[in-house]
Structure formats: C-alpha cells, structure tokens
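Beneath this line is the structure, given in structure tokens, with notes to follow.
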Amino acid sequence: MIDPRLDKLAHLLVNYCVAVQAPDWVIIQAELPALPLVDAVLRHSLQAGGRPTVNLKSDQLQQTFLENAGKEQLAHVTPFERLPAEEADVLIYIRAADNTRSLSGVDPSQQSAFSQARQSLLGTRMQRGAEGQMRWTLTDYPCGAFAQEANMSVSDFEDFVFKATFVDREDPVAEWAKIGAMQARLVDFLKGKKQVELRSPSIELDLSIEGRTFVNSDGKRNMPSGEIFTGPVEDSANGWVEFSYPAIREGREVEGIRLEFKDGVAVKASATKSEDYLLKMLDTDEGARRLGELGIGTNFGIQQFTKRILYDEKIGGTIHLALGKSYPETGAVNESSIHWDMICDMRTDSEIRVDGELFYKDGEFQV
C-alpha cells in the first residue's frame with residue numbers, strides 16, 4: 001500500500017506545481033527506482049484530464065551509453081529527445097538512483113560532449129518555460145541511494161523529504177502560499193536595484209543585477225523550493241568565492257572549490273578534490289565560466305546538507321551561484337550546455353548589500 005504522504009506528493013506535483021488539465025500532453029520523466037511515485041503521478045495526471053507519457057531511465061543504461069558511445073553517437077540527438085522539449089505541455093521530472101556514483105568512472109569529455117550536443121534542447125525547454133508555453137517541475141524520490149548520500153536511514157530521509165515538501169501537513173498548498181508571500185516582499189524590494197555586494201569569510205564578490213528580474217520560487221518548478229533567484233549581468237562579476245559544500249554533478253563530487261572572477265569570467269578555478277573534472281566542465285563552452293544564476297535560499301525548514309542540490313540550495317542562510325546557462329525569465333542571456341549550482345554558507349559574519357543598503361546579514365533578511 002502506498003505511503004499516503006507519497007500519494008499526497010504526487011497530487012501536489014500534478015495539481016499545484018504544473019496544474020495538469022485536459023488536454024495537456026504530460027511527460028513524466030524518471031529513473032527506475034522512482035516507480036512508486038511515478039505510478040501515483042501517472043494516476044493523478046489521468047484523473048486531472050492529462051494525456052501522460054512515461055519515460056523511464058536507468059543509471060546503468062546511461063553509464064553503458066557514455067562509456068561506449070563514439071563522437072557521432074554522442075552528438076546524435078534523437079527525435080524522442082526533441083519531442084518533449086519542443087511539444088510537451090507539461091514536464092514532470094522525478095529523480096532517483098540506485099547508485100549516485102554510477103558515472104564517476106566515465107571520461108568527463110564524454111559527459112561534456114553529450115551535454116554540448118543537447119544544449120539547444122536545454123535552451124528550448126527553458127525558453128518555453130519562461131514564455132509559459134510549457135509548465136515543468138522537478139522533485140526527488142526518497143530512495144535508498146539518496147538517503148545514503150545524506151547519511152540518513154531510508155525512513156529518516158523519507159520523513160525529511162515529506163517535511164520539506166509540506167506533504168506531512170494538512171494543507172501543503174497553503175504552506176507554499178505562505179512562503180510565496182514572504183518571498184514576494186523580497187522580490188518587490190529588489191525591483192529596479194542595480195548592484196549587489198556579497199561579503200563573508202568565504203566570499204568577496206560584486207555583481208550587477210541592473211535590468212534583471214528576481215524570481216519567486218514558491219514550489220511550482222522545484223518541489224521543495226524556497227528561494228529567490230536572478231541572473232547577474234554577464235560581464236559584471238568581480239571578486240572571489242570559496243564554496244562551503246561539495247558541488248555534485250553527474251556522479252562527481254568536487255570539494256573545496258574556489259573561483260576568481262574578472263569582468264564576469266571565472267579566470268581562476270581550483271578544488272581540493274576532483275579539480276580536473278571542475279576544469280573540464282569550465283571549458284565545456286564559452287558560457288560555462290560565467291554566472292547564470294544568483295540565488296538566495298529561504299527555506300529555514302531545510303538545515304541539513306544532503307548532497308542533493310534540490311534541497312541544499314534552498315537551505316535558509318545560504319546563497320548559491322550557478323555557472324553556465326541562465327534562466328530567460330530573469331532577463332539574463334548567458335548560454336551554456338551546463339547549469340551547475342554551488343553553495344556558500346552566509347550564516348556567520350556575512351552580509352549582502354544591494355545598492356549600498358544592508359539587505360541580508362548572517363543568514364537573515366534585513367528589509
């Protein structure tokens with residue numbers, strides 16, 4: 001029998017996050033371990049009048065492809081990959097894993113080539129999402145592999161996920177409305193602002209947000225959410241940052257990352273672990289060394305680092321910077337085949353000033 005909280009999460013994804021209705025073509029894209037949640041999402045999508053298609057993937061199959069594909073095979077984007085990006089009304093991503101390190105032995109150049117070939121698909125999805133032509137949402141299934149990464153038992157991790165998404169509450173939508181209202185006040189304050197200064201023992205970075213829009217992320221696209229974010233002016237970042245937590249991408253864990261920016265470009269980069277992978281990702285394309293996002297986590301119900309960026313970038317008292325592709329709805333225009341979030345703790349001896357005014361201090365908003 002399905003956990004009632006899991007069924008409630010499926011209902012939230014379908015009816016709140018993407019608001020499925022007839023005759024939406026709904027693509028449910030997921031990994032095999034997420035099958036219980038996929039089944040519930042499929043049922044709720046049908047009940048809402050959608051026309052769902054399920055696309056199940058596998059860590060093992062992805063590993064086999066990347067380890068054995070030649071250049072032409074990596075570059076070939078099939079019609080099956082193009083159709084969801086170009087035609088779907090709704091995309092629901094459900095991530096899960098049998099082994100979060102399944103791609104750690106794959107040549108990074110293979111991963112880079114695969115991502116580069118699909119850059120246009122990423123751009124199409126983000127543009128259609130920004131223009132309202134497609135609704136999308138992303139969540140994690142509380143599987144054993146993710147629990148192990150978070151150093152929790154499966155049952156404890158399930159409790160963590162269901163608490164973070166508010167499906168342990170009587171009315172999850174009402175809880176997300178509260179977060180949305182709180183963040184709306186912050187977004188309103190930031191309208192028309194130009195310059196941001198980030199200061200802490202781990203960061204001294206200045207950047208421009210002139211002409212850019214902050215987005216109120218209230219659980220519709222990420223579940224859970226709890227952040228406000230924008231895209232910095234592409235040539236404006238100057239200074240340095242040392243990220244507080246490991247940055248994880250494609251099964252690689254990169255620790256001790258330090259980046260130095262000059263006129264928007266990461267001119268120096270180092271890491272204490274997996275530095276070679278970091279440098280190869282930065283050389284993926286021209287946009288990979290520029291910032292595509294500045295985000296501020298507002299979800300103070302999430303305080304534990306889990307090695308899952310979906311939760312970790314929302315931690316109240318942190319900021320995150322993403323290298324690569326920017327979100328069009330922010331007004332940013334950086335293009336890249338990657339979008340890689342990295343987190344900096346701002347809860348101690350830290351502040352953010354906006355046009356010289358104190359906006360944020362030691363993890364708390366001041367406006």
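If you're wondering about the labels, chains in the structure tokens are A, B, ... by order shown, residues count from 1 in each chain, ligands from 1 in order shown.
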
Open item on the list: Set the distance at 10 Å and use only C-alpha atoms: which residues neighbour A:Glu67 once local chain neighbours fewer than 2 positions away are removed? I'd like the list as a VMD selection string.
Closed with: chain A and resid 61 to 65 69 to 70 103 105 to 107 110 to 111

Please save all heavy atoms of the selected residues as an mmCIF file, in the first residue's frame.
data_model
loop_
_atom_site.group_PDB
_atom_site.id
_atom_site.type_symbol
_atom_site.label_atom_id
_atom_site.label_comp_id
_atom_site.auth_asym_id
_atom_site.auth_seq_id
_atom_site.Cartn_x
_atom_site.Cartn_y
_atom_site.Cartn_z
ATOM 1 N N LEU A 61 22.006 2.124 -17.790
ATOM 2 C CA LEU A 61 21.943 2.327 -19.229
ATOM 3 C C LEU A 61 22.684 3.601 -19.639
ATOM 4 O O LEU A 61 23.350 3.636 -20.677
ATOM 5 C CB LEU A 61 20.488 2.389 -19.689
ATOM 6 C CG LEU A 61 19.666 1.109 -19.489
ATOM 7 C CD1 LEU A 61 18.231 1.326 -19.937
ATOM 8 C CD2 LEU A 61 20.297 -0.073 -20.212
ATOM 9 N N GLN A 62 22.580 4.652 -18.821
ATOM 10 C CA GLN A 62 23.296 5.892 -19.110
ATOM 11 C C GLN A 62 24.799 5.666 -19.027
ATOM 12 O O GLN A 62 25.571 6.165 -19.860
ATOM 13 C CB GLN A 62 22.875 6.993 -18.131
ATOM 14 C CG GLN A 62 23.537 8.341 -18.364
ATOM 15 C CD GLN A 62 23.008 9.067 -19.594
ATOM 16 O OE1 GLN A 62 22.262 8.498 -20.384
ATOM 17 N NE2 GLN A 62 23.399 10.318 -19.747
ATOM 18 N N GLN A 63 25.240 4.906 -18.037
ATOM 19 C CA GLN A 63 26.659 4.588 -17.901
ATOM 20 C C GLN A 63 27.152 3.810 -19.118
ATOM 21 O O GLN A 63 28.208 4.111 -19.691
ATOM 22 C CB GLN A 63 26.887 3.778 -16.634
ATOM 23 C CG GLN A 63 28.349 3.345 -16.424
ATOM 24 C CD GLN A 63 28.516 2.457 -15.206
ATOM 25 O OE1 GLN A 63 27.606 2.308 -14.392
ATOM 26 N NE2 GLN A 63 29.681 1.851 -15.087
ATOM 27 N N THR A 64 26.383 2.800 -19.537
ATOM 28 C CA THR A 64 26.771 1.997 -20.700
ATOM 29 C C THR A 64 26.896 2.862 -21.946
ATOM 30 O O THR A 64 27.853 2.735 -22.720
ATOM 31 C CB THR A 64 25.746 0.875 -20.941
ATOM 32 O OG1 THR A 64 25.717 0.014 -19.808
ATOM 33 C CG2 THR A 64 26.087 0.071 -22.185
ATOM 34 N N PHE A 65 25.948 3.770 -22.134
ATOM 35 C CA PHE A 65 25.979 4.641 -23.316
ATOM 36 C C PHE A 65 27.213 5.533 -23.295
ATOM 37 O O PHE A 65 27.953 5.621 -24.286
ATOM 38 C CB PHE A 65 24.712 5.484 -23.376
ATOM 39 C CG PHE A 65 24.661 6.402 -24.572
ATOM 40 C CD1 PHE A 65 24.238 5.922 -25.804
ATOM 41 C CD2 PHE A 65 25.058 7.720 -24.472
ATOM 42 C CE1 PHE A 65 24.203 6.760 -26.910
ATOM 43 C CE2 PHE A 65 25.023 8.565 -25.569
ATOM 44 C CZ PHE A 65 24.596 8.079 -26.796
ATOM 45 N N ALA A 69 29.854 5.077 -26.324
ATOM 46 C CA ALA A 69 29.456 5.863 -27.490
ATOM 47 C C ALA A 69 30.648 6.573 -28.115
ATOM 48 O O ALA A 69 31.530 7.087 -27.420
ATOM 49 C CB ALA A 69 28.398 6.888 -27.086
ATOM 50 N N GLY A 70 30.660 6.613 -29.450
ATOM 51 C CA GLY A 70 31.649 7.393 -30.184
ATOM 52 C C GLY A 70 31.191 8.829 -30.353
ATOM 53 O O GLY A 70 30.081 9.198 -29.935
ATOM 54 N N LEU A 103 28.323 7.268 -12.569
ATOM 55 C CA LEU A 103 29.043 7.907 -13.673
ATOM 56 C C LEU A 103 30.417 8.423 -13.268
ATOM 57 O O LEU A 103 31.083 9.091 -14.058
ATOM 58 C CB LEU A 103 28.205 9.058 -14.231
ATOM 59 C CG LEU A 103 26.809 8.706 -14.745
ATOM 60 C CD1 LEU A 103 26.133 9.943 -15.313
ATOM 61 C CD2 LEU A 103 26.870 7.602 -15.797
ATOM 62 N N GLY A 105 33.206 7.011 -12.988
ATOM 63 C CA GLY A 105 34.329 6.482 -13.745
ATOM 64 C C GLY A 105 34.290 6.828 -15.222
ATOM 65 O O GLY A 105 35.186 6.459 -15.983
ATOM 66 N N VAL A 106 33.256 7.570 -15.649
ATOM 67 C CA VAL A 106 33.115 7.933 -17.055
ATOM 68 C C VAL A 106 34.046 9.096 -17.392
ATOM 69 O O VAL A 106 34.199 10.034 -16.605
ATOM 70 C CB VAL A 106 31.653 8.312 -17.369
ATOM 71 C CG1 VAL A 106 31.509 8.841 -18.791
ATOM 72 C CG2 VAL A 106 30.732 7.112 -17.159
ATOM 73 N N ASP A 107 34.671 9.043 -18.541
ATOM 74 C CA ASP A 107 35.542 10.130 -19.011
ATOM 75 C C ASP A 107 34.733 11.429 -19.066
ATOM 76 O O ASP A 107 33.721 11.502 -19.759
ATOM 77 C CB ASP A 107 36.072 9.779 -20.406
ATOM 78 C CG ASP A 107 37.059 10.807 -20.953
ATOM 79 O OD1 ASP A 107 37.150 11.910 -20.385
ATOM 80 O OD2 ASP A 107 37.732 10.498 -21.952
ATOM 81 N N GLN A 110 33.442 12.689 -22.366
ATOM 82 C CA GLN A 110 32.241 12.051 -22.905
ATOM 83 C C GLN A 110 30.988 12.753 -22.381
ATOM 84 O O GLN A 110 30.054 13.037 -23.139
ATOM 85 C CB GLN A 110 32.210 10.568 -22.502
ATOM 86 C CG GLN A 110 33.291 9.700 -23.132
ATOM 87 C CD GLN A 110 32.974 9.371 -24.583
ATOM 88 O OE1 GLN A 110 33.456 10.059 -25.483
ATOM 89 N NE2 GLN A 110 32.182 8.335 -24.806
ATOM 90 N N GLN A 111 30.980 13.039 -21.084
ATOM 91 C CA GLN A 111 29.841 13.733 -20.488
ATOM 92 C C GLN A 111 29.692 15.134 -21.057
ATOM 93 O O GLN A 111 28.583 15.600 -21.318
ATOM 94 C CB GLN A 111 30.016 13.782 -18.969
ATOM 95 C CG GLN A 111 29.932 12.404 -18.312
ATOM 96 C CD GLN A 111 30.385 12.433 -16.866
ATOM 97 O OE1 GLN A 111 31.521 12.736 -16.564
ATOM 98 N NE2 GLN A 111 29.483 12.102 -15.958
#

Contact table stretch 287-323 of chain A vs stretch 257-260 of chain A, cut-off 12 Å, shortest pair per residue, only C-alpha atoms, as CSV:
residue,atom,partner,partner_atom,distance
A:Arg289,CA,A:Leu259,CA,9.6
A:Arg290,CA,A:Leu259,CA,10.8
A:Leu291,CA,A:Leu259,CA,11.1
A:Leu321,CA,A:Leu259,CA,10.9
A:Ala322,CA,A:Leu259,CA,11.8
A:Leu323,CA,A:Leu259,CA,10.5

For the selection just defined, write its residues with N, CA and C atoms to a file, as a PDB file, in the first residue's frame.
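Okay, this is what ended up in result35.pdb:
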ATOM      1  N   ARG A 289      32.051  29.513 -17.922  1.00  0.00           N
ATOM      2  CA  ARG A 289      32.847  30.253 -16.933  1.00  0.00           C
ATOM      3  C   ARG A 289      32.143  31.523 -16.454  1.00  0.00           C
ATOM      4  N   ARG A 290      30.912  31.741 -16.873  1.00  0.00           N
ATOM      5  CA  ARG A 290      30.156  32.913 -16.430  1.00  0.00           C
ATOM      6  C   ARG A 290      28.999  32.475 -15.531  1.00  0.00           C
ATOM      7  N   LEU A 291      28.522  33.395 -14.711  1.00  0.00           N
ATOM      8  CA  LEU A 291      27.430  33.092 -13.799  1.00  0.00           C
ATOM      9  C   LEU A 291      26.088  33.183 -14.510  1.00  0.00           C
ATOM     10  N   LEU A 321      25.436  30.115  -6.349  1.00  0.00           N
ATOM     11  CA  LEU A 321      25.807  30.669  -7.644  1.00  0.00           C
ATOM     12  C   LEU A 321      25.862  29.518  -8.633  1.00  0.00           C
ATOM     13  N   ALA A 322      25.308  29.725  -9.818  1.00  0.00           N
ATOM     14  CA  ALA A 322      25.338  28.687 -10.845  1.00  0.00           C
ATOM     15  C   ALA A 322      26.206  29.143 -12.001  1.00  0.00           C
ATOM     16  N   LEU A 323      27.119  28.286 -12.387  1.00  0.00           N
ATOM     17  CA  LEU A 323      27.896  28.510 -13.597  1.00  0.00           C
ATOM     18  C   LEU A 323      27.095  28.035 -14.800  1.00  0.00           C
TER      19      LEU A 323
END

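From atom CA of A:Phe229 back to atom CA of A:Leu122, the distance works out to 18.6 Å.
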
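Within stretch 5-109 of chain A, residues classed as strand (DSSP E) by DSSP on backbone coordinates are Trp25, Val26, Ile27, Ile28, Gln29, Ala30, Glu31, Arg51, Pro52, Thr53, Val54, Asn55, Leu56, Lys57, Val90, Leu91, Ile92, Tyr93, Ile94 and Arg95 of chain A.
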
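Picture a line from atom CA of A:Asp59 to atom CA of A:Ser104; it runs 11.4 Å.
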
Task: Long-range neighbours of A:Asn55 as a ChimeraX atom specification, 12 Å cut-off, only C-alpha atoms, 2 positions minimum in chain - done: /A:26-32,34-35,38-39,42,52-53,57-58,80-81,84,91-95

Can you write out the residues you just picked, keeping N, CA, C and O atoms, as a short mmCIF file (atom, residue, chain, number, x, y, z; two decimals), in the first residue's frame?
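Now in result-v5.cif:
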data_model
loop_
_atom_site.label_atom_id
_atom_site.label_comp_id
_atom_site.auth_asym_id
_atom_site.auth_seq_id
_atom_site.Cartn_x
_atom_site.Cartn_y
_atom_site.Cartn_z
N VAL A 26 1.43 15.36 -21.05
CA VAL A 26 2.26 15.35 -19.85
C VAL A 26 3.36 14.31 -20.02
O VAL A 26 3.08 13.12 -20.19
N ILE A 27 4.61 14.75 -19.97
CA ILE A 27 5.74 13.83 -19.99
C ILE A 27 6.21 13.64 -18.56
O ILE A 27 6.57 14.59 -17.87
N ILE A 28 6.20 12.40 -18.09
CA ILE A 28 6.73 12.05 -16.77
C ILE A 28 8.07 11.36 -17.00
O ILE A 28 8.11 10.23 -17.48
N GLN A 29 9.14 12.06 -16.70
CA GLN A 29 10.48 11.54 -16.95
C GLN A 29 11.13 11.19 -15.62
O GLN A 29 11.23 12.04 -14.73
N ALA A 30 11.55 9.94 -15.47
CA ALA A 30 12.01 9.49 -14.16
C ALA A 30 13.01 8.36 -14.30
O ALA A 30 13.13 7.72 -15.36
N GLU A 31 13.71 8.10 -13.20
CA GLU A 31 14.59 6.93 -13.11
C GLU A 31 13.80 5.77 -12.50
O GLU A 31 12.84 5.97 -11.74
N LEU A 32 14.25 4.56 -12.82
CA LEU A 32 13.51 3.35 -12.43
C LEU A 32 13.22 3.24 -10.94
O LEU A 32 12.11 2.82 -10.56
N ALA A 34 12.26 5.26 -8.91
CA ALA A 34 11.17 6.14 -8.51
C ALA A 34 9.80 5.60 -8.90
O ALA A 34 8.80 6.32 -8.81
N LEU A 35 9.71 4.35 -9.32
CA LEU A 35 8.47 3.81 -9.87
C LEU A 35 7.24 4.01 -8.97
O LEU A 35 6.16 4.34 -9.50
N VAL A 38 6.17 7.52 -9.59
CA VAL A 38 5.77 7.65 -10.99
C VAL A 38 4.35 7.11 -11.17
O VAL A 38 3.51 7.73 -11.84
N ASP A 39 4.07 5.97 -10.56
CA ASP A 39 2.75 5.36 -10.68
C ASP A 39 1.67 6.29 -10.12
O ASP A 39 0.61 6.48 -10.73
N LEU A 42 1.27 9.32 -12.45
CA LEU A 42 0.52 8.89 -13.63
C LEU A 42 -0.99 8.86 -13.34
O LEU A 42 -1.80 9.39 -14.11
N PRO A 52 -0.86 11.54 -20.35
CA PRO A 52 0.52 11.32 -19.89
C PRO A 52 1.28 10.28 -20.70
O PRO A 52 0.71 9.30 -21.20
N THR A 53 2.59 10.52 -20.82
CA THR A 53 3.55 9.57 -21.37
C THR A 53 4.67 9.42 -20.36
O THR A 53 5.20 10.41 -19.86
N LYS A 57 14.16 6.02 -17.17
CA LYS A 57 15.59 5.93 -17.48
C LYS A 57 16.29 5.09 -16.42
O LYS A 57 15.71 4.75 -15.39
N SER A 58 17.58 4.81 -16.68
CA SER A 58 18.34 3.95 -15.79
C SER A 58 19.78 4.44 -15.70
O SER A 58 20.39 4.77 -16.72
N PHE A 80 13.10 11.30 -30.22
CA PHE A 80 12.50 11.03 -28.91
C PHE A 80 12.97 12.03 -27.87
O PHE A 80 12.24 12.33 -26.91
N GLU A 81 14.19 12.53 -28.02
CA GLU A 81 14.69 13.55 -27.09
C GLU A 81 14.13 14.93 -27.42
O GLU A 81 13.88 15.75 -26.53
N PRO A 84 9.73 16.00 -26.42
CA PRO A 84 9.27 16.57 -25.15
C PRO A 84 9.64 18.04 -25.00
O PRO A 84 8.83 18.85 -24.54
N LEU A 91 6.12 18.98 -18.28
CA LEU A 91 7.21 18.05 -17.99
C LEU A 91 7.31 17.88 -16.48
O LEU A 91 7.42 18.86 -15.74
N ILE A 92 7.28 16.63 -16.03
CA ILE A 92 7.46 16.32 -14.61
C ILE A 92 8.69 15.43 -14.49
O ILE A 92 8.71 14.32 -15.01
N TYR A 93 9.72 15.96 -13.84
CA TYR A 93 10.98 15.21 -13.66
C TYR A 93 11.00 14.63 -12.25
O TYR A 93 10.81 15.34 -11.26
N ILE A 94 11.25 13.33 -12.16
CA ILE A 94 11.36 12.67 -10.86
C ILE A 94 12.71 11.95 -10.83
O ILE A 94 12.93 10.99 -11.56
N ARG A 95 13.61 12.45 -10.00
CA ARG A 95 14.96 11.90 -9.97
C ARG A 95 15.08 10.84 -8.87
O ARG A 95 14.50 10.97 -7.79
#

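Of note, atom CA of A:Gln60 and atom CA of A:Ala96 are spaced 12.5 Å apart.
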
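Residues in contact with A:Phe189 at 10 Å, where only C-alpha atoms are counted and same-chain residues fewer than 4 positions away are skipped, are listed as A:Gln183, A:Ala184, A:Arg185, A:Lys193, A:Phe214, A:Val354, A:Phe359, A:Val367.
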